[in-house]
$ cat upload.cif   # mmCIF, C-alpha atoms
data_data
#
loop_
_atom_site.label_atom_id
_atom_site.label_comp_id
_atom_site.auth_asym_id
_atom_site.auth_seq_id
_atom_site.Cartn_x
_atom_site.Cartn_y
_atom_site.Cartn_z
CA MET D 1066 1.80 -15.54 122.70
CA SER D 1067 3.20 -18.87 121.50
CA THR D 1068 0.70 -21.35 120.11
CA VAL D 1069 3.09 -24.20 119.23
CA SER D 1070 1.06 -27.29 118.37
CA ALA D 1071 1.68 -30.77 119.76
CA ASP D 1072 1.60 -34.11 117.97
CA LYS D 1073 0.46 -35.93 121.10
CA ASN D 1074 -2.84 -35.76 122.95
CA ARG D 1075 -2.14 -34.76 126.53
CA TRP D 1076 -5.03 -36.85 127.85
CA LEU D 1077 -3.53 -39.94 126.22
CA ILE D 1078 -0.25 -38.97 127.87
CA ALA D 1079 -2.14 -39.05 131.18
CA LEU D 1080 -3.65 -42.44 130.29
CA SER D 1081 -0.17 -43.77 129.48
CA ALA D 1082 1.05 -42.59 132.88
CA ILE D 1083 -1.87 -44.36 134.56
CA ALA D 1084 -0.98 -47.61 132.73
CA ILE D 1085 2.55 -47.44 134.15
CA HIS D 1086 1.46 -46.56 137.68
CA LEU D 1087 -1.35 -49.10 137.72
CA SER D 1088 1.23 -51.79 136.95
CA ILE D 1089 3.80 -50.82 139.56
CA GLY D 1090 1.00 -50.10 142.05
CA SER D 1091 0.59 -53.88 142.23
CA ILE D 1092 3.23 -53.69 145.00
CA TYR D 1093 0.37 -52.67 147.32
CA ALA D 1094 -1.21 -56.09 146.72
CA TYR D 1095 1.88 -57.88 148.03
CA SER D 1096 -0.02 -59.35 150.98
CA ILE D 1097 -1.73 -61.84 148.63
CA TYR D 1098 1.60 -63.68 148.37
CA GLN D 1099 2.10 -63.98 152.14
CA ASN D 1100 0.23 -67.20 152.89
CA PRO D 1101 0.93 -68.91 149.54
CA LEU D 1102 4.69 -68.39 149.89
CA GLN D 1103 4.72 -69.47 153.52
CA GLU D 1104 2.69 -72.62 152.79
CA SER D 1105 4.48 -73.68 149.61
CA GLN D 1106 8.06 -72.63 150.43
CA GLY D 1107 8.15 -72.88 154.20
CA TRP D 1108 9.42 -69.30 154.45
CA SER D 1109 8.53 -67.36 157.58
CA SER D 1110 6.29 -64.31 157.59
CA THR D 1111 9.35 -62.19 158.34
CA ASP D 1112 11.19 -63.65 155.33
CA VAL D 1113 8.29 -62.93 152.98
CA THR D 1114 7.74 -59.42 154.38
CA LEU D 1115 11.43 -58.62 153.96
CA ALA D 1116 11.08 -58.74 150.16
CA PHE D 1117 8.37 -56.06 150.33
CA SER D 1118 10.45 -53.86 152.65
CA ILE D 1119 13.47 -54.14 150.35
CA ALA D 1120 11.35 -53.24 147.31
CA ILE D 1121 9.99 -50.08 148.96
CA PHE D 1122 13.43 -49.09 150.23
CA VAL D 1123 15.04 -49.62 146.82
CA LEU D 1124 12.14 -47.74 145.19
CA GLY D 1125 12.86 -44.61 147.21
CA PHE D 1126 16.60 -44.53 146.65
CA THR D 1127 16.41 -45.57 143.00
CA ALA D 1128 14.04 -42.65 142.42
CA ALA D 1129 16.56 -40.38 144.13
CA PHE D 1130 19.71 -41.49 142.34
CA LEU D 1131 18.25 -42.19 138.89
CA GLY D 1132 16.08 -39.08 138.64
CA LYS D 1133 18.80 -37.45 136.55
CA TYR D 1134 18.70 -40.48 134.22
CA VAL D 1135 15.02 -39.80 133.57
CA GLU D 1136 15.72 -36.13 132.84
CA LYS D 1137 18.68 -36.95 130.57
CA TYR D 1138 17.22 -39.74 128.43
CA GLY D 1139 13.54 -38.74 128.47
CA PRO D 1140 10.37 -40.48 129.63
CA ARG D 1141 10.19 -43.04 126.82
CA LYS D 1142 13.57 -44.66 127.42
CA ALA D 1143 13.20 -44.37 131.18
CA GLY D 1144 9.73 -45.93 131.05
CA LEU D 1145 10.94 -48.85 128.93
CA THR D 1146 13.83 -49.37 131.36
CA ALA D 1147 11.32 -49.50 134.21
CA ALA D 1148 9.18 -51.99 132.27
CA VAL D 1149 12.16 -54.29 131.70
CA LEU D 1150 13.34 -54.12 135.32
CA TYR D 1151 9.90 -54.61 136.88
CA GLY D 1152 9.04 -57.38 134.43
CA LEU D 1153 12.36 -59.13 135.13
CA GLY D 1154 11.80 -58.73 138.85
CA MET D 1155 8.46 -60.51 138.63
CA VAL D 1156 9.73 -63.26 136.30
CA GLY D 1157 12.78 -63.70 138.53
CA SER D 1158 10.45 -64.01 141.50
CA GLY D 1159 8.64 -66.84 139.73
CA LEU D 1160 11.95 -68.60 139.07
CA SER D 1161 12.94 -68.09 142.73
CA VAL D 1162 9.74 -69.78 143.87
CA GLN D 1163 10.18 -72.60 141.37
CA ILE D 1164 13.67 -73.47 142.64
CA GLY D 1165 12.87 -72.55 146.27
CA SER D 1166 15.54 -69.84 146.70
CA LEU D 1167 14.72 -67.11 149.21
CA PRO D 1168 17.94 -65.09 148.52
CA LEU D 1169 17.10 -65.02 144.80
CA PHE D 1170 13.53 -63.96 145.63
CA LEU D 1171 14.82 -61.08 147.76
CA ALA D 1172 17.21 -60.06 144.99
CA THR D 1173 14.69 -60.24 142.14
CA PHE D 1174 11.48 -59.02 143.73
CA GLY D 1175 13.17 -56.68 146.21
CA VAL D 1176 16.17 -55.24 144.37
CA VAL D 1177 15.49 -55.65 140.62
CA GLY D 1178 11.74 -55.12 140.95
CA GLY D 1179 12.33 -52.24 143.38
CA MET D 1180 14.54 -50.49 140.83
CA GLY D 1181 11.76 -50.85 138.26
CA LEU D 1182 9.33 -49.40 140.80
CA GLY D 1183 11.54 -46.38 141.47
CA ILE D 1184 12.17 -45.47 137.83
CA GLY D 1185 8.58 -46.24 136.85
CA TYR D 1186 7.17 -44.08 139.64
CA ILE D 1187 8.97 -40.86 138.70
CA THR D 1188 9.12 -41.32 134.90
CA PRO D 1189 5.64 -40.00 133.96
CA ILE D 1190 5.47 -37.31 136.65
CA GLY D 1191 7.73 -34.63 135.17
CA THR D 1192 6.17 -35.21 131.74
CA LEU D 1193 2.65 -34.76 133.09
CA VAL D 1194 3.60 -31.55 134.88
CA GLU D 1195 4.81 -30.09 131.57
CA TRP D 1196 1.72 -31.23 129.67
CA PHE D 1197 -0.67 -29.87 132.30
CA PRO D 1198 0.77 -26.53 133.50
CA ASP D 1199 -2.80 -25.36 134.04
CA ARG D 1200 -3.73 -28.41 136.18
CA ARG D 1201 -0.53 -29.69 137.74
CA GLY D 1202 -2.20 -31.22 140.78
CA MET D 1203 -5.00 -32.97 138.92
CA ALA D 1204 -2.67 -34.44 136.27
CA THR D 1205 -0.15 -35.92 138.66
CA GLY D 1206 -3.00 -37.02 140.90
CA LEU D 1207 -4.44 -39.12 138.06
CA ALA D 1208 -1.19 -41.02 137.61
CA VAL D 1209 -0.49 -41.50 141.29
CA MET D 1210 -4.12 -42.56 141.79
CA GLY D 1211 -3.27 -45.43 139.47
CA PHE D 1212 -0.45 -46.42 141.81
CA GLY D 1213 -2.74 -46.30 144.82
CA ALA D 1214 -5.43 -48.30 143.04
CA GLY D 1215 -3.04 -50.92 141.63
CA ALA D 1216 -3.93 -53.33 144.43
CA LEU D 1217 -7.60 -53.27 143.40
CA VAL D 1218 -6.62 -54.93 140.12
CA THR D 1219 -3.79 -57.20 141.21
CA SER D 1220 -5.33 -58.52 144.45
CA PRO D 1221 -8.26 -60.40 142.87
CA LEU D 1222 -6.38 -61.23 139.65
CA GLY D 1223 -3.24 -62.55 141.33
CA ASN D 1224 -5.14 -64.55 143.94
CA GLU D 1225 -7.41 -66.12 141.31
CA LEU D 1226 -4.42 -67.05 139.14
CA MET D 1227 -2.58 -68.70 142.04
CA ILE D 1228 -5.63 -70.81 142.89
CA ARG D 1229 -6.53 -71.78 139.32
CA LEU D 1230 -2.96 -72.59 138.31
CA SER D 1231 -2.34 -74.72 141.39
CA SER D 1232 -3.17 -78.43 141.54
CA GLU D 1233 -6.35 -79.67 143.18
CA ALA D 1234 -4.34 -81.38 145.91
CA ALA D 1235 -3.46 -78.04 147.53
CA LYS D 1236 -4.91 -74.54 147.39
CA TYR D 1237 -1.51 -73.07 146.53
CA THR D 1238 1.32 -74.99 144.87
CA THR D 1239 4.83 -73.97 143.87
CA GLY D 1240 4.01 -74.31 140.18
CA GLY D 1241 0.84 -72.24 140.45
CA ILE D 1242 2.56 -69.41 142.36
CA ALA D 1243 5.56 -69.37 140.02
CA THR D 1244 3.35 -69.30 136.91
CA THR D 1245 1.34 -66.44 138.44
CA PHE D 1246 4.53 -64.39 138.83
CA TYR D 1247 5.47 -65.18 135.22
CA ALA D 1248 2.03 -64.18 133.92
CA LEU D 1249 1.83 -60.97 135.94
CA GLY D 1250 5.40 -60.05 134.99
CA ALA D 1251 4.52 -60.39 131.30
CA LEU D 1252 1.30 -58.38 131.78
CA TYR D 1253 3.06 -55.54 133.60
CA PHE D 1254 5.84 -55.46 131.00
CA VAL D 1255 3.32 -55.07 128.16
CA LEU D 1256 1.24 -52.39 129.94
CA MET D 1257 4.29 -50.38 131.00
CA SER D 1258 5.89 -50.66 127.56
CA LEU D 1259 2.74 -49.49 125.78
CA GLY D 1260 2.42 -46.57 128.17
CA SER D 1261 6.10 -45.65 127.81
CA LEU D 1262 6.06 -45.71 124.01
CA TYR D 1263 3.48 -42.90 123.94
CA LEU D 1264 5.22 -40.75 126.55
CA GLU D 1265 6.97 -37.68 125.23
CA LYS D 1266 7.78 -34.19 126.49
CA PRO D 1267 5.66 -31.40 124.94
CA PRO D 1268 7.32 -29.18 122.29
CA GLU D 1269 9.30 -26.21 123.55
CA ASP D 1270 7.06 -23.19 124.23
CA TRP D 1271 3.92 -25.34 123.94
CA LEU D 1272 0.92 -24.21 125.97
CA PRO D 1273 -2.57 -25.65 126.38
CA GLU D 1274 -5.39 -23.62 124.83
CA SER D 1275 -6.59 -22.54 128.26
CA MET D 1276 -3.37 -20.56 128.75
CA HIS D 1277 -3.04 -18.90 125.32
CA ASP D 1278 -4.59 -15.62 126.46
CA ILE D 1279 -2.88 -15.42 129.85
CA GLU D 1280 -0.19 -12.82 130.38
CA ASP D 1281 3.21 -14.34 131.28
CA ALA D 1282 1.78 -17.78 130.57
CA GLN D 1283 5.18 -19.25 129.61
CA GLU D 1284 6.64 -18.21 132.95
CA GLN D 1285 3.64 -19.67 134.78
CA ALA D 1286 3.91 -22.92 132.85
CA SER D 1287 7.54 -23.63 133.67
CA GLY D 1288 8.18 -21.38 136.64
CA ALA D 1289 7.79 -21.58 140.38
CA LEU D 1290 5.68 -19.56 142.80
CA PRO D 1291 6.14 -15.76 142.88
CA GLY D 1292 9.55 -14.79 144.17
CA LEU D 1293 11.09 -18.25 143.70
CA ASP D 1294 13.75 -19.03 141.10
CA ILE D 1295 13.73 -22.08 138.85
CA LEU D 1296 16.39 -24.42 140.28
CA SER D 1297 18.21 -27.51 139.11
CA ALA D 1298 17.98 -30.70 141.17
CA ALA D 1299 21.43 -30.13 142.67
CA GLU D 1300 20.51 -26.58 143.65
CA ALA D 1301 17.08 -27.51 144.98
CA ARG D 1302 18.21 -30.26 147.37
CA GLY D 1303 20.39 -27.80 149.28
CA THR D 1304 17.64 -25.26 150.01
CA PRO D 1305 15.78 -24.91 153.33
CA ARG D 1306 12.44 -25.27 151.55
CA PHE D 1307 13.47 -28.69 150.21
CA PHE D 1308 14.31 -29.91 153.71
CA LEU D 1309 11.02 -28.50 154.99
CA ILE D 1310 8.94 -30.29 152.37
CA TRP D 1311 10.98 -33.46 152.92
CA GLY D 1312 10.16 -33.36 156.63
CA ILE D 1313 6.48 -32.67 155.95
CA VAL D 1314 6.22 -35.58 153.52
CA PHE D 1315 8.15 -37.90 155.84
CA ILE D 1316 5.75 -37.24 158.73
CA ASN D 1317 2.64 -37.57 156.54
CA ILE D 1318 3.84 -40.90 155.13
CA THR D 1319 4.94 -42.22 158.53
CA ALA D 1320 1.45 -41.66 159.92
CA GLY D 1321 -0.25 -43.35 156.98
CA ILE D 1322 2.11 -46.31 156.75
CA MET D 1323 1.72 -46.98 160.47
CA LEU D 1324 -2.03 -47.34 159.94
CA LEU D 1325 -1.57 -49.45 156.80
CA ALA D 1326 0.69 -51.83 158.71
CA PHE D 1327 -1.56 -52.19 161.77
CA ALA D 1328 -5.08 -51.39 160.55
CA SER D 1329 -6.53 -54.84 161.21
CA PRO D 1330 -5.22 -55.37 164.79
CA MET D 1331 -6.08 -51.77 165.71
CA LEU D 1332 -9.65 -52.23 164.52
CA GLN D 1333 -9.89 -55.35 166.65
CA GLU D 1334 -8.25 -53.94 169.79
CA ILE D 1335 -9.62 -50.39 169.82
CA GLY D 1336 -12.88 -50.85 167.90
CA GLY D 1337 -13.74 -54.36 169.03
CA ALA D 1338 -14.11 -55.66 165.47
CA THR D 1339 -13.93 -59.34 164.67
CA ALA D 1340 -11.08 -60.55 162.48
CA THR D 1341 -13.52 -60.99 159.58
CA THR D 1342 -14.94 -57.48 159.94
CA ALA D 1343 -11.44 -56.00 160.24
CA ALA D 1344 -10.35 -57.79 157.07
CA PHE D 1345 -13.46 -56.52 155.27
CA ILE D 1346 -12.74 -52.93 156.31
CA THR D 1347 -9.03 -53.02 155.44
CA GLY D 1348 -9.96 -54.35 152.01
CA TYR D 1349 -11.48 -50.94 151.21
CA ILE D 1350 -8.36 -48.98 152.13
CA GLY D 1351 -7.18 -49.04 148.51
CA ILE D 1352 -10.32 -47.20 147.38
CA PHE D 1353 -9.73 -44.33 149.79
CA ASN D 1354 -6.00 -44.34 149.12
CA GLY D 1355 -6.60 -43.96 145.37
CA GLY D 1356 -9.62 -41.67 145.71
CA GLY D 1357 -7.80 -39.38 148.12
CA ARG D 1358 -5.03 -38.92 145.59
CA ILE D 1359 -7.23 -37.51 142.85
CA PHE D 1360 -9.52 -35.58 145.24
CA TRP D 1361 -6.79 -33.75 147.16
CA SER D 1362 -4.52 -33.15 144.16
CA THR D 1363 -7.38 -31.63 142.18
CA LEU D 1364 -8.46 -29.50 145.14
CA SER D 1365 -4.87 -28.30 145.58
CA ASP D 1366 -5.04 -26.60 142.17
CA TYR D 1367 -7.67 -24.27 143.66
CA ILE D 1368 -6.65 -23.81 147.32
CA GLY D 1369 -2.87 -24.10 146.90
CA ARG D 1370 -0.47 -26.86 147.87
CA THR D 1371 0.69 -25.31 151.18
CA THR D 1372 -2.92 -25.01 152.36
CA THR D 1373 -3.55 -28.59 151.30
CA TYR D 1374 -0.63 -29.97 153.34
CA ALA D 1375 -1.74 -27.88 156.31
CA ALA D 1376 -5.16 -29.50 155.96
CA PHE D 1377 -3.54 -32.96 155.96
CA MET D 1378 -1.85 -32.25 159.27
CA VAL D 1379 -4.87 -30.68 160.98
CA ILE D 1380 -7.27 -33.42 159.83
CA GLN D 1381 -4.94 -36.17 160.99
CA ILE D 1382 -4.17 -34.55 164.34
CA VAL D 1383 -7.88 -34.37 165.11
CA ALA D 1384 -8.55 -37.85 163.73
CA PHE D 1385 -5.79 -39.52 165.75
CA ILE D 1386 -6.89 -37.78 168.96
CA VAL D 1387 -10.53 -38.79 168.41
CA MET D 1388 -9.50 -42.31 167.40
CA VAL D 1389 -8.37 -43.21 170.92
CA GLN D 1390 -11.62 -41.87 172.43
CA ILE D 1391 -14.16 -43.89 170.45
CA THR D 1392 -15.13 -47.56 170.58
CA GLY D 1393 -17.49 -48.04 167.62
CA VAL D 1394 -15.84 -50.06 164.88
CA TRP D 1395 -17.42 -48.16 161.97
CA ALA D 1396 -16.64 -44.75 163.49
CA LEU D 1397 -13.06 -45.94 163.83
CA ALA D 1398 -13.11 -47.20 160.24
CA ALA D 1399 -14.35 -43.79 159.03
CA LEU D 1400 -11.42 -42.06 160.74
CA LEU D 1401 -9.05 -44.64 159.28
CA PHE D 1402 -10.38 -44.00 155.77
CA LEU D 1403 -10.10 -40.22 156.27
CA ILE D 1404 -6.46 -40.49 157.34
CA ILE D 1405 -5.65 -42.74 154.39
CA THR D 1406 -7.03 -40.11 151.96
CA CYS D 1407 -4.47 -37.69 153.44
CA TYR D 1408 -1.75 -40.30 153.04
CA GLY D 1409 -2.57 -40.81 149.36
CA GLY D 1410 -3.16 -37.11 148.81
CA GLY D 1411 0.31 -36.30 150.13
CA PHE D 1412 1.87 -38.44 147.40
CA ALA D 1413 -0.36 -36.98 144.69
CA CYS D 1414 0.27 -33.33 145.57
CA LEU D 1415 4.04 -33.70 145.97
CA PRO D 1416 5.14 -33.43 142.29
CA ALA D 1417 2.98 -30.35 141.72
CA TYR D 1418 4.23 -28.80 144.97
CA LEU D 1419 7.85 -29.39 143.96
CA SER D 1420 7.09 -27.70 140.63
CA ASP D 1421 5.64 -24.76 142.58
CA LEU D 1422 8.76 -24.55 144.76
CA PHE D 1423 11.50 -25.15 142.18
CA GLY D 1424 9.98 -24.93 138.68
CA THR D 1425 9.62 -27.78 136.20
CA LYS D 1426 13.23 -27.82 134.92
CA ASP D 1427 14.38 -30.89 136.93
CA VAL D 1428 11.15 -31.88 138.64
CA SER D 1429 11.62 -35.64 138.04
CA ALA D 1430 15.04 -35.60 139.68
CA ILE D 1431 13.85 -33.38 142.56
CA HIS D 1432 10.86 -35.67 143.02
CA GLY D 1433 13.25 -38.59 143.24
CA TYR D 1434 15.23 -36.92 146.02
CA ALA D 1435 12.02 -36.15 147.91
CA LEU D 1436 10.91 -39.79 147.70
CA THR D 1437 13.77 -40.81 149.99
CA ALA D 1438 11.32 -39.66 152.68
CA TRP D 1439 9.08 -42.54 151.58
CA ALA D 1440 11.90 -45.08 151.74
CA ILE D 1441 12.82 -44.07 155.29
CA ALA D 1442 9.22 -43.66 156.48
CA GLY D 1443 8.46 -47.15 155.19
CA VAL D 1444 10.92 -48.47 157.76
CA VAL D 1445 10.35 -45.96 160.57
CA GLY D 1446 6.51 -46.03 160.60
CA PRO D 1447 5.90 -49.74 161.24
CA GLN D 1448 9.01 -50.13 163.41
CA LEU D 1449 8.10 -47.15 165.61
CA ALA D 1450 4.56 -48.41 166.08
CA SER D 1451 5.80 -51.94 166.85
CA TYR D 1452 8.26 -50.63 169.45
CA VAL D 1453 5.64 -48.50 171.23
CA VAL D 1454 3.05 -51.31 171.19
CA GLU D 1455 5.54 -53.87 172.53
CA SER D 1456 6.73 -51.42 175.22
CA THR D 1457 3.29 -50.29 176.41
CA GLY D 1458 1.04 -53.19 175.46
CA ASN D 1459 -1.53 -51.19 173.48
CA TYR D 1460 -1.99 -49.07 170.36
CA THR D 1461 -3.25 -45.96 172.17
CA ASN D 1462 0.24 -44.72 173.03
CA ALA D 1463 1.40 -45.35 169.46
CA LEU D 1464 -1.42 -43.11 168.24
CA TYR D 1465 -0.36 -40.37 170.65
CA VAL D 1466 3.25 -40.58 169.41
CA VAL D 1467 2.11 -40.20 165.80
CA THR D 1468 -0.12 -37.28 166.83
CA GLY D 1469 2.92 -35.55 168.30
CA MET D 1470 4.79 -36.08 165.01
CA LEU D 1471 1.87 -34.56 163.09
CA VAL D 1472 1.97 -31.47 165.31
CA VAL D 1473 5.62 -31.09 164.33
CA GLY D 1474 4.54 -31.51 160.71
CA LEU D 1475 2.03 -28.68 161.07
CA VAL D 1476 4.79 -26.45 162.47
CA LEU D 1477 6.98 -27.28 159.45
CA VAL D 1478 4.10 -26.34 157.11
CA ALA D 1479 3.70 -23.04 158.93
CA VAL D 1480 7.44 -22.31 158.63
CA LEU D 1481 7.40 -23.12 154.91
CA TRP D 1482 4.31 -20.97 154.40
CA ARG D 1483 6.01 -18.04 156.12
CA ARG D 1484 9.15 -18.44 154.01
CA LEU D 1485 7.09 -18.46 150.81
CA GLU D 1486 5.28 -15.34 151.98
CA ASN D 1487 8.62 -13.62 152.56
CA PHE D 1488 9.82 -14.54 149.06
CA GLU D 1489 6.61 -13.22 147.51
CA GLU D 1490 6.75 -9.97 149.49
CA ALA D 1491 10.40 -9.44 148.54
CA SER D 1492 9.58 -10.07 144.88
CA ALA D 1493 6.66 -7.60 144.99
CA SER D 1494 8.84 -4.95 146.64
CA ALA D 1495 11.57 -5.38 144.04
CA ALA D 1496 9.04 -5.14 141.22
CA SER D 1497 7.47 -1.96 142.59
CA ALA D 1498 10.91 -0.42 143.13
#
$ encode --input "upload.cif" --output "structure tokens"
Amino acid sequence: MSTVSADKNRWLIALSAIAIHLSIGSIYAYSIYQNPLQESQGWSSTDVTLAFSIAIFVLGFTAAFLGKYVEKYGPRKAGLTAAVLYGLGMVGSGLSVQIGSLPLFLATFGVVGGMGLGIGYITPIGTLVEWFPDRRGMATGLAVMGFGAGALVTSPLGNELMIRLSSEAAKYTTGGIATTFYALGALYFVLMSLGSLYLEKPPEDWLPESMHDIEDAQEQASGALPGLDILSAAEARGTPRFFLIWGIVFINITAGIMLLAFASPMLQEIGGATATTAAFITGYIGIFNGGGRIFWSTLSDYIGRTTTYAAFMVIQIVAFIVMVQITGVWALAALLFLIITCYGGGFACLPAYLSDLFGTKDVSAIHGYALTAWAIAGVVGPQLASYVVESTGNYTNALYVVTGMLVVGLVLVAVLWRRLENFEEASASAASA
């Protein structure tokens, strides 16, 4: 059994990944710029929101098309590229505010920053999977938890900077907002660069101590589930199991994003909460988003990824059905928090699941292709909910539509489970023969 040593500490690798994801996770705090930009620039809510939508859309497709770049040049160079792009996006946003240019803001925050988001999101994932073959779910969950919790850091920090750097004549001024973008851009660049400089793939044939005495440990470390071959990104994206997991992830994200987009008005309409109470409750979404990522990804190492995604669908189907039947605001909030843990958990378990399905050879690139589901769901979820609400006049029907989608998601999980069972049975039969 190989006992190749490593120069790097894998837990510091995980910490480096968290530093990168905590920085780019600031995108979830984007709402803090809504009122300041509208008041200081005169931009409409739609204009300001468009920059966020562009950033998420570009994130998904950058991850898809530049996944091979990450695999080719390694996590260090890819991470530094992400740091430069995201830092430039933030600094460019500050310049856009300073000169009052909405097109430049959309281009810098949305396109340039979105590219930094996409590369930065996938860069540490494949590296972590290789450093933690014994705990794939937990390791990737730690990093993605940082992304989910990024808003907890940026929301208070960014808001405080905008207020303190603005003049006393107005709560938010152009100079204060622009300087905040400059300062945060510099901070993210430093954090992401420091994290990237420590990132490195483990040596060939390296194994953690916990796997030294395991038979066929090398195959387990880099391989897929029993009966499945290790595939390249190009091979993986053409398989039925890739399309199945893409559909499962798309539905899970659509359900969560719909709630993220309309949590406050739903709490007020269905639960009868006041605007203040609704704002207080939605402020805690980030905790459950981040906590769900580490909880579900760690649990998936023990119960399996397919079982975990089945649990996501069942829990959400029940929660959405119950949601339309209750009136208590805190009972509704509890269901909302539960669903959001499944939303975050779906992101956290995805890299480990892709490693299970296709091996670790091109997992960063395969992960990038799978994240196109996020890009499309980011548009479909809010738009679908808006259409149903405008057509019917209430959120109840929107919840029923999402419930129907989740039922389809559960069917897709069942189909994928059956296919994996068939592969395993065929492999066992061939081995016995």
$ atom_distance --input "upload.cif" --atom1 "CA of Gly1260 (chain D)" --atom2 "CA of Leu1160 (chain D)"
26.4 Å
$ resolve_selection --input "upload.cif" --expression "the PyMOL selection byres ((chain D and resi 1310-1322) around 9)" --output "ChimeraX atom specification"
/D:1305-1309,1323-1327,1374,1377-1378,1381,1404-1405,1407-1409,1411-1412,1415,1418-1419,1434-1439,1441-1447,1464,1467-1468,1470-1471,1473-1475,1477-1478,1481
$ closest_residue --input "upload.cif" --among "D:Pro1267, D:Glu1274, D:Val1135, D:Ile1431" --to "Asp1072 (chain D)" --atoms "all atoms listed in the file"
D:Pro1267
$ residues_near_point --input "upload.cif" --point "(2.0, -67.3, 151.9)" --cutoff "12 Å" --atoms "all atoms listed in the file" --output "list in words"
Tyr1095, Ser1096, Ile1097, Tyr1098, Gln1099, Asn1100, Pro1101, Leu1102, Gln1103, Glu1104, Ser1105, Gln1106, Gly1107, Trp1108, Ser1109, Ser1110, Thr1111, Asp1112, Val1113, Thr1114, Val1162, Asn1224, Met1227, Lys1236, Tyr1237, Thr1238, Thr1239 and Ile1242 of chain D
$ atom_distance --input "upload.cif" --atom1 "CA of Arg1302 (chain D)" --atom2 "CA of Arg1484 (chain D)"
16.3 Å
$ atom_distance --input "upload.cif" --atom1 "CA of Ser1456 (chain D)" --atom2 "CA of Met1388 (chain D)"
20.2 Å
$ closest_atom_pairs --input "upload.cif" --of "region 1293-1372 of chain D" --to "region 1089-1092 of chain D" --cutoff "12 Å" --atoms "all atoms listed in the file" --output "tab-separated table"
residue	atom	partner	partner_atom	distance
D:Gly1351	CA	D:Gly1090	CA	10.5
D:Asn1354	CA	D:Gly1090	CA	11.5
D:Gly1355	CA	D:Gly1090	CA	10.3
$ closest_residue --input "upload.cif" --among "D:Ala1301, D:Ala1143, D:Ile1352, D:Leu1259" --to "Thr1406 (chain D)" --atoms "all atoms listed in the file"
D:Ile1352
$ residues_around --input "upload.cif" --residues "Tyr1186 (chain D)" --least-positions-apart "4" --cutoff "8 Å" --atoms "only C-alpha atoms" --output "VMD selection string"
chain D and resid 1085 to 1086 1089 1128 1182 1190
$ closest_residue --input "upload.cif" --among "D:Val1453, D:Ala1338, D:Ile1119, D:Ile1184" --to "Glu1136 (chain D)" --atoms "all atoms listed in the file"
D:Ile1184
$ residues_around --input "upload.cif" --residues "Thr1347 (chain D)" --least-positions-apart "4" --cutoff "8 Å" --atoms "all atoms listed in the file" --output "list in words"
Ala1328, Ser1329 and Ala1343 of chain D
